[in-house]
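input-v5.pdb follows (PDB, C-alpha atoms):
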ATOM      1  CA  MET A   1     -13.192   3.311  11.932  1.00  0.00           C
ATOM      2  CA  PRO A   2     -10.359   5.844  11.604  1.00  0.00           C
ATOM      3  CA  ASN A   3      -6.998   4.367  12.534  1.00  0.00           C
ATOM      4  CA  PRO A   4      -6.068   5.977  15.882  1.00  0.00           C
ATOM      5  CA  LYS A   5      -2.420   6.120  14.788  1.00  0.00           C
ATOM      6  CA  VAL A   6      -3.214   8.381  11.816  1.00  0.00           C
ATOM      7  CA  ASN A   7      -2.230  12.007  12.441  1.00  0.00           C
ATOM      8  CA  VAL A   8      -4.478  14.298  10.417  1.00  0.00           C
ATOM      9  CA  GLY A   9      -1.729  16.946  10.258  1.00  0.00           C
ATOM     10  CA  ARG A  10       0.521  14.446   8.503  1.00  0.00           C
ATOM     11  CA  VAL A  11      -2.266  13.600   6.060  1.00  0.00           C
ATOM     12  CA  PHE A  12      -2.778  17.271   5.140  1.00  0.00           C
ATOM     13  CA  HIS A  13       0.952  17.805   4.825  1.00  0.00           C
ATOM     14  CA  ALA A  14       1.330  14.689   2.638  1.00  0.00           C
ATOM     15  CA  LEU A  15      -1.455  15.794   0.294  1.00  0.00           C
ATOM     16  CA  GLY A  16      -0.150  19.362   0.052  1.00  0.00           C
ATOM     17  CA  ASP A  17       2.405  18.063  -2.453  1.00  0.00           C
ATOM     18  CA  PRO A  18       1.191  17.767  -6.088  1.00  0.00           C
ATOM     19  CA  THR A  19       3.290  14.644  -6.850  1.00  0.00           C
ATOM     20  CA  ARG A  20       1.930  12.835  -3.813  1.00  0.00           C
ATOM     21  CA  ARG A  21      -1.609  13.799  -4.817  1.00  0.00           C
ATOM     22  CA  ALA A  22      -0.861  12.438  -8.309  1.00  0.00           C
ATOM     23  CA  ILE A  23       0.334   9.139  -6.749  1.00  0.00           C
ATOM     24  CA  VAL A  24      -2.872   8.867  -4.693  1.00  0.00           C
ATOM     25  CA  GLU A  25      -4.970   9.697  -7.777  1.00  0.00           C
ATOM     26  CA  LYS A  26      -3.166   6.997  -9.788  1.00  0.00           C
ATOM     27  CA  LEU A  27      -3.526   4.364  -7.042  1.00  0.00           C
ATOM     28  CA  SER A  28      -7.248   5.114  -6.688  1.00  0.00           C
ATOM     29  CA  GLU A  29      -7.598   3.443 -10.093  1.00  0.00           C
ATOM     30  CA  GLY A  30      -5.871   0.287  -8.813  1.00  0.00           C
ATOM     31  CA  PRO A  31      -2.672  -1.119  -7.247  1.00  0.00           C
ATOM     32  CA  LEU A  32       0.595  -0.495  -9.103  1.00  0.00           C
ATOM     33  CA  SER A  33       4.254  -1.435  -8.733  1.00  0.00           C
ATOM     34  CA  VAL A  34       6.695   1.328  -7.813  1.00  0.00           C
ATOM     35  CA  SER A  35       8.189   1.389 -11.318  1.00  0.00           C
ATOM     36  CA  ARG A  36       4.742   1.529 -12.977  1.00  0.00           C
ATOM     37  CA  LEU A  37       3.969   4.492 -10.728  1.00  0.00           C
ATOM     38  CA  ALA A  38       7.217   6.303 -11.569  1.00  0.00           C
ATOM     39  CA  THR A  39       6.932   6.113 -15.382  1.00  0.00           C
ATOM     40  CA  PRO A  40       3.895   8.370 -16.066  1.00  0.00           C
ATOM     41  CA  LEU A  41       4.912  10.769 -13.289  1.00  0.00           C
ATOM     42  CA  ASP A  42       8.265  11.240 -15.005  1.00  0.00           C
ATOM     43  CA  ILE A  43      10.241  11.196 -11.759  1.00  0.00           C
ATOM     44  CA  THR A  44      13.030   8.942 -10.517  1.00  0.00           C
ATOM     45  CA  LEU A  45      12.369   5.733  -8.610  1.00  0.00           C
ATOM     46  CA  THR A  46      14.174   7.239  -5.617  1.00  0.00           C
ATOM     47  CA  ALA A  47      11.808  10.218  -5.584  1.00  0.00           C
ATOM     48  CA  VAL A  48       8.768   7.931  -5.834  1.00  0.00           C
ATOM     49  CA  VAL A  49      10.040   5.795  -2.958  1.00  0.00           C
ATOM     50  CA  GLN A  50      10.492   8.911  -0.792  1.00  0.00           C
ATOM     51  CA  HIS A  51       6.983  10.152  -1.582  1.00  0.00           C
ATOM     52  CA  LEU A  52       5.574   6.673  -0.909  1.00  0.00           C
ATOM     53  CA  GLN A  53       7.220   6.658   2.499  1.00  0.00           C
ATOM     54  CA  VAL A  54       5.479   9.933   3.429  1.00  0.00           C
ATOM     55  CA  LEU A  55       2.175   8.545   2.130  1.00  0.00           C
ATOM     56  CA  GLU A  56       2.624   5.296   4.100  1.00  0.00           C
ATOM     57  CA  GLU A  57       3.390   7.211   7.307  1.00  0.00           C
ATOM     58  CA  SER A  58       0.179   9.211   6.776  1.00  0.00           C
ATOM     59  CA  GLY A  59      -1.974   6.103   6.347  1.00  0.00           C
ATOM     60  CA  LEU A  60      -2.877   6.966   2.731  1.00  0.00           C
ATOM     61  CA  VAL A  61      -0.955   4.203   0.942  1.00  0.00           C
ATOM     62  CA  ARG A  62       0.413   0.816   1.844  1.00  0.00           C
ATOM     63  CA  THR A  63       3.057  -1.135   0.009  1.00  0.00           C
ATOM     64  CA  GLU A  64       3.884  -4.821   0.025  1.00  0.00           C
ATOM     65  CA  LYS A  65       6.940  -6.525  -1.381  1.00  0.00           C
ATOM     66  CA  THR A  66       6.572  -9.864  -3.161  1.00  0.00           C
ATOM     67  CA  GLY A  67       9.861 -11.145  -4.503  1.00  0.00           C
ATOM     68  CA  ARG A  68      11.446  -8.153  -6.256  1.00  0.00           C
ATOM     69  CA  VAL A  69       8.265  -6.219  -6.862  1.00  0.00           C
ATOM     70  CA  ARG A  70       6.815  -3.703  -4.386  1.00  0.00           C
ATOM     71  CA  THR A  71       3.097  -3.219  -4.977  1.00  0.00           C
ATOM     72  CA  CYS A  72       1.432  -0.002  -3.799  1.00  0.00           C
ATOM     73  CA  ARG A  73      -2.235   0.430  -3.036  1.00  0.00           C
ATOM     74  CA  ILE A  74      -4.585   2.873  -1.323  1.00  0.00           C
ATOM     75  CA  GLU A  75      -4.936   2.619   2.455  1.00  0.00           C
ATOM     76  CA  THR A  76      -8.272   3.988   3.667  1.00  0.00           C
ATOM     77  CA  ALA A  77      -7.204   5.009   7.215  1.00  0.00           C
ATOM     78  CA  GLY A  78      -5.763   8.378   6.144  1.00  0.00           C
ATOM     79  CA  PHE A  79      -8.897   9.220   4.143  1.00  0.00           C
ATOM     80  CA  SER A  80     -11.143   8.304   7.055  1.00  0.00           C
ATOM     81  CA  ALA A  81      -9.130  10.584   9.362  1.00  0.00           C
ATOM     82  CA  LEU A  82      -9.482  13.449   6.864  1.00  0.00           C
ATOM     83  CA  GLU A  83     -13.207  12.913   6.476  1.00  0.00           C
ATOM     84  CA  LYS A  84     -13.658  12.775  10.253  1.00  0.00           C
ATOM     85  CA  TRP A  85     -11.770  16.061  10.739  1.00  0.00           C
ATOM     86  CA  ILE A  86     -13.900  17.819   8.109  1.00  0.00           C
ATOM     87  CA  ARG A  87     -17.134  16.295   9.439  1.00  0.00           C
ATOM     88  CA  ASP A  88     -16.329  17.428  13.000  1.00  0.00           C
ATOM     89  CA  ARG A  89     -15.748  21.015  11.846  1.00  0.00           C
ATOM     90  CA  ARG A  90     -18.911  21.009   9.734  1.00  0.00           C
ATOM     91  CA  SER A  91     -21.029  19.681  12.585  1.00  0.00           C
ATOM     92  CA  MET A  92     -19.706  22.470  14.841  1.00  0.00           C
ATOM     93  CA  TRP A  93     -20.638  25.299  12.525  1.00  0.00           C
ATOM     94  CA  GLU A  94     -23.920  23.719  11.456  1.00  0.00           C
ATOM     95  CA  ARG A  95     -24.940  23.338  15.113  1.00  0.00           C
ATOM     96  CA  ARG A  96     -24.109  26.992  15.636  1.00  0.00           C
ATOM     97  CA  LEU A  97     -26.166  28.031  12.595  1.00  0.00           C
ATOM     98  CA  ASP A  98     -29.079  25.915  13.889  1.00  0.00           C
ATOM     99  CA  ARG A  99     -28.906  27.726  17.225  1.00  0.00           C
ATOM    100  CA  LEU A 100     -28.834  31.088  15.434  1.00  0.00           C
ATOM    101  CA  GLY A 101     -31.847  30.012  13.371  1.00  0.00           C
ATOM    102  CA  ASP A 102     -33.731  29.044  16.555  1.00  0.00           C
ATOM    103  CA  LEU A 103     -32.918  32.392  18.144  1.00  0.00           C
ATOM    104  CA  LEU A 104     -34.122  34.279  15.077  1.00  0.00           C
ATOM    105  CA  ALA A 105     -37.316  32.203  14.960  1.00  0.00           C
ATOM    106  CA  GLU A 106     -37.943  32.870  18.663  1.00  0.00           C
ATOM    107  CA  SER A 107     -37.395  36.609  18.301  1.00  0.00           C
ATOM    108  CA  GLY A 108     -39.718  36.520  15.278  1.00  0.00           C
ATOM    109  CA  GLU A 109     -42.454  34.825  17.331  1.00  0.00           C
ATOM    110  CA  GLY A 110     -42.166  37.464  20.015  1.00  0.00           C
ATOM    111  CA  GLU A 111     -42.947  40.297  17.593  1.00  0.00           C
TER     112      GLU A 111
ATOM    113  CA  MET B   1     -21.209  24.027  -5.173  1.00  0.00           C
ATOM    114  CA  PRO B   2     -17.419  24.028  -4.813  1.00  0.00           C
ATOM    115  CA  ASN B   3     -15.926  27.404  -5.692  1.00  0.00           C
ATOM    116  CA  PRO B   4     -14.124  26.864  -9.037  1.00  0.00           C
ATOM    117  CA  LYS B   5     -11.338  29.223  -7.908  1.00  0.00           C
ATOM    118  CA  VAL B   6     -10.401  27.020  -4.927  1.00  0.00           C
ATOM    119  CA  ASN B   7      -7.220  25.044  -5.514  1.00  0.00           C
ATOM    120  CA  VAL B   8      -7.344  21.818  -3.507  1.00  0.00           C
ATOM    121  CA  GLY B   9      -3.528  21.722  -3.302  1.00  0.00           C
ATOM    122  CA  ARG B  10      -3.593  25.086  -1.528  1.00  0.00           C
ATOM    123  CA  VAL B  11      -6.233  23.808   0.876  1.00  0.00           C
ATOM    124  CA  PHE B  12      -4.131  20.763   1.800  1.00  0.00           C
ATOM    125  CA  HIS B  13      -1.035  22.908   2.172  1.00  0.00           C
ATOM    126  CA  ALA B  14      -2.896  25.428   4.346  1.00  0.00           C
ATOM    127  CA  LEU B  15      -4.226  22.725   6.676  1.00  0.00           C
ATOM    128  CA  GLY B  16      -0.846  20.986   6.943  1.00  0.00           C
ATOM    129  CA  ASP B  17       0.110  23.654   9.473  1.00  0.00           C
ATOM    130  CA  PRO B  18      -1.025  23.039  13.094  1.00  0.00           C
ATOM    131  CA  THR B  19      -1.597  26.753  13.856  1.00  0.00           C
ATOM    132  CA  ARG B  20      -3.786  27.165  10.786  1.00  0.00           C
ATOM    133  CA  ARG B  21      -5.779  24.049  11.776  1.00  0.00           C
ATOM    134  CA  ALA B  22      -6.179  25.551  15.261  1.00  0.00           C
ATOM    135  CA  ILE B  23      -7.519  28.780  13.692  1.00  0.00           C
ATOM    136  CA  VAL B  24     -10.034  26.817  11.609  1.00  0.00           C
ATOM    137  CA  GLU B  25     -11.059  24.776  14.667  1.00  0.00           C
ATOM    138  CA  LYS B  26     -11.587  27.957  16.702  1.00  0.00           C
ATOM    139  CA  LEU B  27     -13.600  29.665  13.918  1.00  0.00           C
ATOM    140  CA  SER B  28     -15.808  26.576  13.527  1.00  0.00           C
ATOM    141  CA  GLU B  29     -17.257  27.558  16.925  1.00  0.00           C
ATOM    142  CA  GLY B  30     -18.115  31.037  15.651  1.00  0.00           C
ATOM    143  CA  PRO B  31     -16.699  34.246  14.117  1.00  0.00           C
ATOM    144  CA  LEU B  32     -13.917  36.028  16.010  1.00  0.00           C
ATOM    145  CA  SER B  33     -11.861  39.204  15.678  1.00  0.00           C
ATOM    146  CA  VAL B  34      -8.171  38.844  14.791  1.00  0.00           C
ATOM    147  CA  SER B  35      -7.076  39.799  18.318  1.00  0.00           C
ATOM    148  CA  ARG B  36      -9.541  37.359  19.949  1.00  0.00           C
ATOM    149  CA  LEU B  37      -8.066  34.651  17.685  1.00  0.00           C
ATOM    150  CA  ALA B  38      -4.464  35.526  18.583  1.00  0.00           C
ATOM    151  CA  THR B  39      -4.835  35.461  22.385  1.00  0.00           C
ATOM    152  CA  PRO B  40      -5.547  31.739  23.060  1.00  0.00           C
ATOM    153  CA  LEU B  41      -3.128  30.675  20.309  1.00  0.00           C
ATOM    154  CA  ASP B  42      -0.374  32.611  22.055  1.00  0.00           C
ATOM    155  CA  ILE B  43       1.082  34.000  18.825  1.00  0.00           C
ATOM    156  CA  THR B  44       1.614  37.556  17.618  1.00  0.00           C
ATOM    157  CA  LEU B  45      -1.024  39.473  15.694  1.00  0.00           C
ATOM    158  CA  THR B  46       1.367  39.601  12.720  1.00  0.00           C
ATOM    159  CA  ALA B  47       1.648  35.800  12.665  1.00  0.00           C
ATOM    160  CA  VAL B  48      -2.157  35.405  12.875  1.00  0.00           C
ATOM    161  CA  VAL B  49      -2.619  37.855  10.012  1.00  0.00           C
ATOM    162  CA  GLN B  50      -0.141  35.896   7.863  1.00  0.00           C
ATOM    163  CA  HIS B  51      -1.888  32.585   8.623  1.00  0.00           C
ATOM    164  CA  LEU B  52      -5.275  34.182   7.909  1.00  0.00           C
ATOM    165  CA  GLN B  53      -4.023  35.341   4.516  1.00  0.00           C
ATOM    166  CA  VAL B  54      -3.079  31.744   3.589  1.00  0.00           C
ATOM    167  CA  LEU B  55      -6.458  30.513   4.845  1.00  0.00           C
ATOM    168  CA  GLU B  56      -8.301  33.212   2.867  1.00  0.00           C
ATOM    169  CA  GLU B  57      -6.411  32.341  -0.318  1.00  0.00           C
ATOM    170  CA  SER B  58      -7.421  28.684   0.184  1.00  0.00           C
ATOM    171  CA  GLY B  59     -11.120  29.512   0.567  1.00  0.00           C
ATOM    172  CA  LEU B  60     -11.235  28.251   4.176  1.00  0.00           C
ATOM    173  CA  VAL B  61     -11.723  31.570   5.969  1.00  0.00           C
ATOM    174  CA  ARG B  62     -13.012  34.998   5.071  1.00  0.00           C
ATOM    175  CA  THR B  63     -12.421  38.217   6.916  1.00  0.00           C
ATOM    176  CA  GLU B  64     -14.308  41.461   6.893  1.00  0.00           C
ATOM    177  CA  LYS B  65     -13.255  44.796   8.320  1.00  0.00           C
ATOM    178  CA  THR B  66     -15.809  46.987  10.067  1.00  0.00           C
ATOM    179  CA  GLY B  67     -14.264  50.142  11.440  1.00  0.00           C
ATOM    180  CA  ARG B  68     -11.105  49.050  13.248  1.00  0.00           C
ATOM    181  CA  VAL B  69     -12.123  45.452  13.819  1.00  0.00           C
ATOM    182  CA  ARG B  70     -11.452  42.643  11.351  1.00  0.00           C
ATOM    183  CA  THR B  71     -13.853  39.744  11.896  1.00  0.00           C
ATOM    184  CA  CYS B  72     -12.897  36.251  10.717  1.00  0.00           C
ATOM    185  CA  ARG B  73     -15.283  33.459   9.893  1.00  0.00           C
ATOM    186  CA  ILE B  74     -15.314  30.051   8.189  1.00  0.00           C
ATOM    187  CA  GLU B  75     -15.707  30.028   4.399  1.00  0.00           C
ATOM    188  CA  THR B  76     -17.200  26.761   3.161  1.00  0.00           C
ATOM    189  CA  ALA B  77     -15.681  26.756  -0.370  1.00  0.00           C
ATOM    190  CA  GLY B  78     -12.337  25.255   0.737  1.00  0.00           C
ATOM    191  CA  PHE B  79     -14.082  22.510   2.697  1.00  0.00           C
ATOM    192  CA  SER B  80     -16.333  21.665  -0.242  1.00  0.00           C
ATOM    193  CA  ALA B  81     -13.269  21.371  -2.522  1.00  0.00           C
ATOM    194  CA  LEU B  82     -11.603  19.017  -0.015  1.00  0.00           C
ATOM    195  CA  GLU B  83     -14.714  16.877   0.310  1.00  0.00           C
ATOM    196  CA  LYS B  84     -15.083  16.683  -3.454  1.00  0.00           C
ATOM    197  CA  TRP B  85     -11.459  15.566  -3.913  1.00  0.00           C
ATOM    198  CA  ILE B  86     -11.851  12.809  -1.296  1.00  0.00           C
ATOM    199  CA  ARG B  87     -15.252  11.744  -2.684  1.00  0.00           C
ATOM    200  CA  ASP B  88     -13.845  11.483  -6.221  1.00  0.00           C
ATOM    201  CA  ARG B  89     -10.974   9.234  -5.029  1.00  0.00           C
ATOM    202  CA  ARG B  90     -13.337   7.071  -2.963  1.00  0.00           C
ATOM    203  CA  SER B  91     -15.755   6.622  -5.838  1.00  0.00           C
ATOM    204  CA  MET B  92     -12.859   5.480  -8.053  1.00  0.00           C
ATOM    205  CA  TRP B  93     -11.651   2.756  -5.753  1.00  0.00           C
ATOM    206  CA  GLU B  94     -15.149   1.683  -4.709  1.00  0.00           C
ATOM    207  CA  ARG B  95     -16.117   1.294  -8.381  1.00  0.00           C
ATOM    208  CA  ARG B  96     -13.013  -0.829  -8.882  1.00  0.00           C
ATOM    209  CA  LEU B  97     -13.838  -2.994  -5.856  1.00  0.00           C
ATOM    210  CA  ASP B  98     -17.383  -3.427  -7.182  1.00  0.00           C
ATOM    211  CA  ARG B  99     -16.000  -4.639 -10.508  1.00  0.00           C
ATOM    212  CA  LEU B 100     -13.656  -7.046  -8.693  1.00  0.00           C
ATOM    213  CA  GLY B 101     -16.616  -8.328  -6.686  1.00  0.00           C
ATOM    214  CA  ASP B 102     -18.612  -8.877  -9.892  1.00  0.00           C
ATOM    215  CA  LEU B 103     -15.705 -10.767 -11.454  1.00  0.00           C
ATOM    216  CA  LEU B 104     -15.332 -12.986  -8.394  1.00  0.00           C
ATOM    217  CA  ALA B 105     -19.079 -13.665  -8.320  1.00  0.00           C
ATOM    218  CA  GLU B 106     -19.031 -14.542 -12.040  1.00  0.00           C
ATOM    219  CA  SER B 107     -16.061 -16.902 -11.640  1.00  0.00           C
ATOM    220  CA  GLY B 108     -17.876 -18.475  -8.649  1.00  0.00           C
ATOM    221  CA  GLU B 109     -21.005 -19.039 -10.780  1.00  0.00           C
ATOM    222  CA  GLY B 110     -18.933 -20.799 -13.403  1.00  0.00           C
ATOM    223  CA  GLU B 111     -17.579 -23.399 -10.991  1.00  0.00           C
TER     224      GLU B 111
END

Can the structure in the file be given as structure tokens, please?
Amino acid sequence: MPNPKVNVGRVFHALGDPTRRAIVEKLSEGPLSVSRLATPLDITLTAVVQHLQVLEESGLVRTEKTGRVRTCRIETAGFSALEKWIRDRRSMWERRLDRLGDLLAESGEGE
Amino acid sequence: MPNPKVNVGRVFHALGDPTRRAIVEKLSEGPLSVSRLATPLDITLTAVVQHLQVLEESGLVRTEKTGRVRTCRIETAGFSALEKWIRDRRSMWERRLDRLGDLLAESGEGE
């Protein structure tokens, strides 16, 4: 079930940034600490933390602090909201194409 | 087949804007002329044309001019690129969860 708090506009905005997409791609392979995330991306910890905040607010990532380590992992709510938005659009235009197909078939029968 | 020219970053960026999402939502119901698009959105023709250009470059919309009328319709390439990006991420984390499940089952068998 998509999280009702997830705003699909925020999700699109969050994923419009290449570094944030790289973070999501990395976390899809498994949870990582903030510092383990920062190293291959070659950006500062501060920058990673800011990107993580945007990703958390969009429901794409969640983080959890245990002692001194903050672990980041994928949150599915943002993805579900994205998929729902795309599916809704697709179903609209496919329904329309079905109706067009029916109309064409009917006009063909009348010939 | 996703259009190889579609850049998923551009698609996310394009859909991060609420007016551009509204245009895509409107066109999902059927093709419209630029002026018919502008009226309910309550924005100038110039603004619609600029948004349409971003949507065209992202493979989400295509426009075609016949005489004096430019007709806009949904282009599926951008949507396919989005769906592929999400599907690839999902398959990564689902594969990882499957492996975790296998490991847990194996450790349970050993008890």

Distance limit 12 Å, atoms considered: only C-alpha atoms. Which chain B residues sit that close to chain A? Return them as a PyMOL selection string. chain B and resi 7-31+58+60+73-76+78-97+99-100

Separation of atom CA of A:Ser35 from atom CA of A:Glu57, in Å and rounded to one decimal: 20.1 Å

With the file shown as input, list the residues that the PyMOL selection byres ((chain B and resi 69) around 12) selects, as a PDB file with C-alpha atoms, keeping the file's coordinate frame.
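As a result, part_28.pdb now contains:
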ATOM      1  CA  LEU B  32     -13.917  36.028  16.010  1.00  0.00           C
ATOM      2  CA  SER B  33     -11.861  39.204  15.678  1.00  0.00           C
ATOM      3  CA  VAL B  34      -8.171  38.844  14.791  1.00  0.00           C
ATOM      4  CA  SER B  35      -7.076  39.799  18.318  1.00  0.00           C
ATOM      5  CA  ARG B  36      -9.541  37.359  19.949  1.00  0.00           C
ATOM      6  CA  THR B  63     -12.421  38.217   6.916  1.00  0.00           C
ATOM      7  CA  GLU B  64     -14.308  41.461   6.893  1.00  0.00           C
ATOM      8  CA  LYS B  65     -13.255  44.796   8.320  1.00  0.00           C
ATOM      9  CA  THR B  66     -15.809  46.987  10.067  1.00  0.00           C
ATOM     10  CA  GLY B  67     -14.264  50.142  11.440  1.00  0.00           C
ATOM     11  CA  ARG B  68     -11.105  49.050  13.248  1.00  0.00           C
ATOM     12  CA  ARG B  70     -11.452  42.643  11.351  1.00  0.00           C
ATOM     13  CA  THR B  71     -13.853  39.744  11.896  1.00  0.00           C
ATOM     14  CA  CYS B  72     -12.897  36.251  10.717  1.00  0.00           C
TER      15      CYS B  72
END

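Atom to atom, atom CA of A:Asp102 and atom CA of B:Leu37 stand 26.3 Å apart.
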
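From atom CA of B:Asp42 back to atom CA of B:Val61, the distance works out to 19.7 Å.
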
Could you give me the centre and size, in Å to one decimal, of an axis-aligned box around all listed atoms of stretch 83-96 of chain B with 5 Å added on every side, as JSON?
{"center_x": -13.5, "center_y": 8.0, "center_z": -4.3, "size_x": 15.1, "size_y": 27.7, "size_z": 19.2}

I'd like to know which of A:Ala38, A:Ala77, A:Ile43, A:Leu104 is closest to A:Gly59, using all atoms listed in the file.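 Of the candidates, the smallest distance to A:Gly59 is held by A:Ala77.
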